[in-house]
Number of protein chains: 2
Amino acid sequence: MTYCLAIRVNAGLVLCSDSRTNAGVDNMNAYSKMHRFAWMGQRYFTLLSSGNLATTQAVIKKLHGDVKQGAVPNLQSVTCMQEAVDYVGMTNTLVQRQQSERDTAHTNFEASFILGGQIFGQKPEIFMIYPQGNYIHESHEHPFLQIGESKYGKPILDRVITPTIDLERAARCALVSMNSTMRSNATVGPPVELLIHRRNTFDEGIFLHLGDDDSFFQALSQRWNEGLVLALENLPRFSWEDAGENTHTGGQIYPFPPNP
Amino acid sequence: MTYCLAIRVNAGLVLCSDSRTNAGVDNMNAYSKMHRFAWMGQRYFTLLSSGNLATTQAVIKKLHGDVKQGAVPNLQSVTCMQEAVDYVGMTNTLVQRQQSERDTAHTNFEASFILGGQIFGQKPEIFMIYPQGNYIHESHEHPFLQIGESKYGKPILDRVITPTIDLERAARCALVSMNSTMRSNATVGPPVELLIHRRNTFDEGIFLHLGDDDSFFQALSQRWNEGLVLALENLPRFSWEDAGENTHTGGQIYPFPPNP
């Protein structure tokens with residue numbers, strides 16, 4: 001399995017991915033799922049990948065190859081993010097079709113991607129690309145996108161992420177979302193990669209590669225646990241608990257229902 | 001969809017369920033998924049149900065009918081929780097087989113249950129019953145069970161629930177888990193039912209029926225949101241942030257990788 005997410009806030013982009021791949025639970029490996037393309041001062045694109053590893057590797061290879069060979073379109077020549085995501089979506093289906101033609105066993109070659117990036121003079125954007133090659137972008141009400149094992153880590157994003165929070169807060173929230181997912185699903189695992197791109201700064205961004213033993217990631221996980229325990233401690237008390245001001249009188253107690 | 005969970009701590013049992021049923025997203029209804037059987041001073045059982053509504057209704061009806069008719073076994077006559085869960089599991093498969101025999105369209109009649117209860121002189125227990133009629137109990141390391149849409153609400157349980165926390169804390173945590181799930185999946189919905197059984201008190205327990213507009217449930221949700229924002233605020237800061245003591249020096253920044 002995989003968990004990748006991207007957040008777009010007013011201040012820029014946050015992208016985060018795990019690195020665990022598996023072909024069955026008895027065949028686990030670590031591969032980076034974060035693929036970066038950048039032309040300093042001009043444009044940057046980051047792709048997060050999920051699904052069939054041969055497909056995602058072939059897609060990334062073709063994207064690099066198209067740039068080198070000056071194929072049209074390529075990530076250096078596209079004129080806007082829309083053109084970029086359309087090109088990546090098309091490449092995704094092209095590769096899957098090639099794999100399927102060789103296949104004799106109805107294998108699933110599907111892959112999904114998140115594309116985040118910015119082209120000079122335009123705004124930063126994030127897109128989620130489906131195995132079918134079509135895609136969606138985030139919205140103001142829902143300024144993040146996820147692929148792979150998205151459920152465990154979604155509630156914290158739902159509750160906290162808005163376009164106005166700063167980049168570092170959004171990045172910490174992404175790491176918490178990743179941490180929760182890794183605790184609940186053993187097929188999502190370290191190292192965790194985190195990339196922060198400040199809006200309109202066309203540099204290489206801030207890139208963290210956090211192994212299982214990274215002291216920052218460990219401190220974050222422990223501090224988050226403590227914060228949750230405290231949050232639970234501060235919840236209103238039931239009406240029958242003697243907790244002074246913190247007791248809430250709502251939540252009516254009902255008698256046992258009569259037998260049907 | 002459905003979300004039900006049960007927690008067993010040393011002090012007793014907490015059971016919690018949503019009430020939304022749907023046959024397609026254009027046909028939503030509210031049905032209780034918490035079914036209680038109690039003989040004061042002697043024993044109590046609570047069943048939480050998920051899956052095909054006709055199946056779960058037929059199972060509950062048969063359990064009540066067996067008691068009335070003095071069938072063997074029934075919930076009043078079983079001598080231990082193991083016998084009770086085995087009987088409910090068998091009833092589940094029996095009902096599904098009856099439904100399948102009438103079926104001409106390969107309909108899915110599956111249902112899952114959580115059974116929680118205590119028989120006088122024995123310990124309280126919780127079990128999860130699969131559509132196949134087999135079942136598992138909770139463990140010391142994992143003192144809770146979930147059916148239905150279990151992923152959104154699992155991280156908070158994973159991080160907080162241990163056998164030693166008190167019943168009210170466990171109950172608040174169950175409500176938070178339910179609240180997170182309702183926010184993320186529109187097919188899990190109010191009213192929320194919550195039942196607390198203190199170990200060795202064979203009374204009717206404390207039963208709350210919390211509608212969408214219940215002031216306690218609303219206060220809990222709001223206070224939890226505030227607590228999460230605070231927890232996020234207290235996380236260690238990245239090395240490049242100027243946050244005094246709260247800055248963490250870990251999390252090495254890596255340069256942009258060379259082109260492949």
# chains A, B, ... in the order shown; residues from 1 in each chain; ligands from 1
$ residues_around --residues "Gln76 of chain B" --least-positions-apart "5" --cutoff "12 Å" --atoms "only C-alpha atoms" --output "list in words"
Phe37, Ala38, Trp39, Met40, Gln42, Arg43, Tyr44, Phe45, Leu63, His64, Gly65, Asp66, Val67, Lys68, Gln69, Gly70, Ala71, Met81, Glu83, Ala84, Tyr87, Gln118, Ile119 and Phe120 of chain B
$ write_last_selection --atoms "C-alpha atoms" --output "PDB file, in the first residue's frame"
ATOM      1  CA  PHE B  37     -31.080  -7.906  26.019  1.00  0.00           C
ATOM      2  CA  ALA B  38     -30.955  -7.682  29.810  1.00  0.00           C
ATOM      3  CA  TRP B  39     -32.115  -9.645  32.819  1.00  0.00           C
ATOM      4  CA  MET B  40     -31.456  -7.316  35.734  1.00  0.00           C
ATOM      5  CA  GLN B  42     -28.318 -11.742  36.133  1.00  0.00           C
ATOM      6  CA  ARG B  43     -26.932 -10.927  32.701  1.00  0.00           C
ATOM      7  CA  TYR B  44     -26.960  -8.457  29.846  1.00  0.00           C
ATOM      8  CA  PHE B  45     -26.039  -8.642  26.182  1.00  0.00           C
ATOM      9  CA  LEU B  63     -32.926 -13.948  19.304  1.00  0.00           C
ATOM     10  CA  HIS B  64     -35.948 -12.401  21.034  1.00  0.00           C
ATOM     11  CA  GLY B  65     -38.251 -15.139  19.735  1.00  0.00           C
ATOM     12  CA  ASP B  66     -35.966 -17.914  20.989  1.00  0.00           C
ATOM     13  CA  VAL B  67     -36.075 -16.420  24.498  1.00  0.00           C
ATOM     14  CA  LYS B  68     -39.879 -16.151  24.446  1.00  0.00           C
ATOM     15  CA  GLN B  69     -40.339 -19.692  23.170  1.00  0.00           C
ATOM     16  CA  GLY B  70     -37.692 -21.139  25.476  1.00  0.00           C
ATOM     17  CA  ALA B  71     -35.782 -22.518  22.469  1.00  0.00           C
ATOM     18  CA  MET B  81     -20.299 -15.640  26.710  1.00  0.00           C
ATOM     19  CA  GLU B  83     -21.870 -20.078  24.125  1.00  0.00           C
ATOM     20  CA  ALA B  84     -23.724 -16.789  23.516  1.00  0.00           C
ATOM     21  CA  TYR B  87     -25.320 -19.027  19.149  1.00  0.00           C
ATOM     22  CA  GLN B 118     -21.588 -10.155  31.018  1.00  0.00           C
ATOM     23  CA  ILE B 119     -23.111 -13.141  32.801  1.00  0.00           C
ATOM     24  CA  PHE B 120     -23.273 -13.065  36.610  1.00  0.00           C
TER      25      PHE B 120
END
$ interface_residues --of "chain B" --to "chain A" --cutoff "8 Å" --atoms "only C-alpha atoms" --output "ChimeraX atom specification"
/B:64,151-156,158-160,168-169,172-173,180-181,183-184,204,206-210,214-217,219-220,223-236,238,248-256,260
$ select_by_dssp --residues "segment 59-218 of chain A" --states "strand (DSSP E)" --output "number ranges by chain"
A: 111-119, 125-129, 135-137, 144-148, 192-198, 206-210
$ write_last_selection --atoms "C-alpha atoms" --output "PDB file, in the first residue's frame"
ATOM      1  CA  ALA A 111      -1.329   3.775 -10.949  1.00  0.00           C
ATOM      2  CA  SER A 112      -2.457   7.066  -9.430  1.00  0.00           C
ATOM      3  CA  PHE A 113      -0.472  10.251  -9.029  1.00  0.00           C
ATOM      4  CA  ILE A 114      -0.579  13.588  -7.295  1.00  0.00           C
ATOM      5  CA  LEU A 115       1.038  16.387  -9.285  1.00  0.00           C
ATOM      6  CA  GLY A 116       2.017  19.570  -7.481  1.00  0.00           C
ATOM      7  CA  GLY A 117       3.936  22.445  -8.964  1.00  0.00           C
ATOM      8  CA  GLN A 118       4.205  26.021 -10.092  1.00  0.00           C
ATOM      9  CA  ILE A 119       5.245  27.702 -13.325  1.00  0.00           C
ATOM     10  CA  GLU A 125      -1.528  24.014  -8.020  1.00  0.00           C
ATOM     11  CA  ILE A 126      -2.074  20.390  -7.035  1.00  0.00           C
ATOM     12  CA  PHE A 127      -3.923  17.679  -8.994  1.00  0.00           C
ATOM     13  CA  MET A 128      -4.844  14.072  -8.395  1.00  0.00           C
ATOM     14  CA  ILE A 129      -4.489  11.873 -11.484  1.00  0.00           C
ATOM     15  CA  TYR A 135      -7.742  14.301 -12.899  1.00  0.00           C
ATOM     16  CA  ILE A 136      -9.195  16.653 -10.303  1.00  0.00           C
ATOM     17  CA  HIS A 137      -7.776  19.634  -8.453  1.00  0.00           C
ATOM     18  CA  PHE A 144      -5.698  18.811   0.099  1.00  0.00           C
ATOM     19  CA  LEU A 145      -5.529  15.627  -2.000  1.00  0.00           C
ATOM     20  CA  GLN A 146      -4.644  12.067  -0.981  1.00  0.00           C
ATOM     21  CA  ILE A 147      -3.815   8.821  -2.792  1.00  0.00           C
ATOM     22  CA  GLY A 148      -3.438   5.282  -1.423  1.00  0.00           C
ATOM     23  CA  VAL A 192       8.769   9.580   5.074  1.00  0.00           C
ATOM     24  CA  GLU A 193       9.571  12.282   2.544  1.00  0.00           C
ATOM     25  CA  LEU A 194       8.341  15.816   3.000  1.00  0.00           C
ATOM     26  CA  LEU A 195       8.698  18.681   0.560  1.00  0.00           C
ATOM     27  CA  ILE A 196       7.750  22.284   1.195  1.00  0.00           C
ATOM     28  CA  HIS A 197       7.560  24.830  -1.609  1.00  0.00           C
ATOM     29  CA  ARG A 198       6.997  28.447  -0.703  1.00  0.00           C
ATOM     30  CA  ILE A 206      12.826  22.269   1.690  1.00  0.00           C
ATOM     31  CA  PHE A 207      13.148  18.509   1.461  1.00  0.00           C
ATOM     32  CA  LEU A 208      13.155  16.232   4.523  1.00  0.00           C
ATOM     33  CA  HIS A 209      13.838  12.499   4.432  1.00  0.00           C
ATOM     34  CA  LEU A 210      12.671  11.078   7.775  1.00  0.00           C
TER      35      LEU A 210
END
$ residues_around --residues "Glu110 of chain B" --least-positions-apart "6" --cutoff "7 Å" --atoms "only C-alpha atoms" --output "JSON, numbers by chain"
{"B": [51, 52, 96, 131]}
$ write_last_selection --atoms "N, CA and C atoms" --output "PDB file, in the first residue's frame"
ATOM      1  N   GLY B  51     -24.415  -4.169   8.125  1.00  0.00           N
ATOM      2  CA  GLY B  51     -24.640  -5.013   6.951  1.00  0.00           C
ATOM      3  C   GLY B  51     -26.085  -4.964   6.494  1.00  0.00           C
ATOM      4  N   ASN B  52     -26.527  -6.016   5.853  1.00  0.00           N
ATOM      5  CA  ASN B  52     -27.881  -6.090   5.293  1.00  0.00           C
ATOM      6  C   ASN B  52     -28.937  -5.909   6.388  1.00  0.00           C
ATOM      7  N   GLN B  96     -28.971 -15.823   6.940  1.00  0.00           N
ATOM      8  CA  GLN B  96     -28.436 -15.533   5.606  1.00  0.00           C
ATOM      9  C   GLN B  96     -28.750 -16.669   4.629  1.00  0.00           C
ATOM     10  N   PRO B 131     -19.668 -12.293   8.970  1.00  0.00           N
ATOM     11  CA  PRO B 131     -20.811 -12.821   8.197  1.00  0.00           C
ATOM     12  C   PRO B 131     -20.770 -14.355   8.095  1.00  0.00           C
TER      13      PRO B 131
END
$ closest_residue --among "A:Pro73, A:Val85, A:Glu245, A:Asp18" --to "Thr46 of chain A" --atoms "only C-alpha atoms"
A:Val85
$ atom_distance --atom1 "atom CA of Ala6 of chain B" --atom2 "atom CA of Pro124 of chain B"
11.8 Å
$ closest_residue --among "A:Ser139, A:Asn134, A:Thr107, A:Gln122" --to "Thr91 of chain A" --atoms "only C-alpha atoms"
A:Asn134
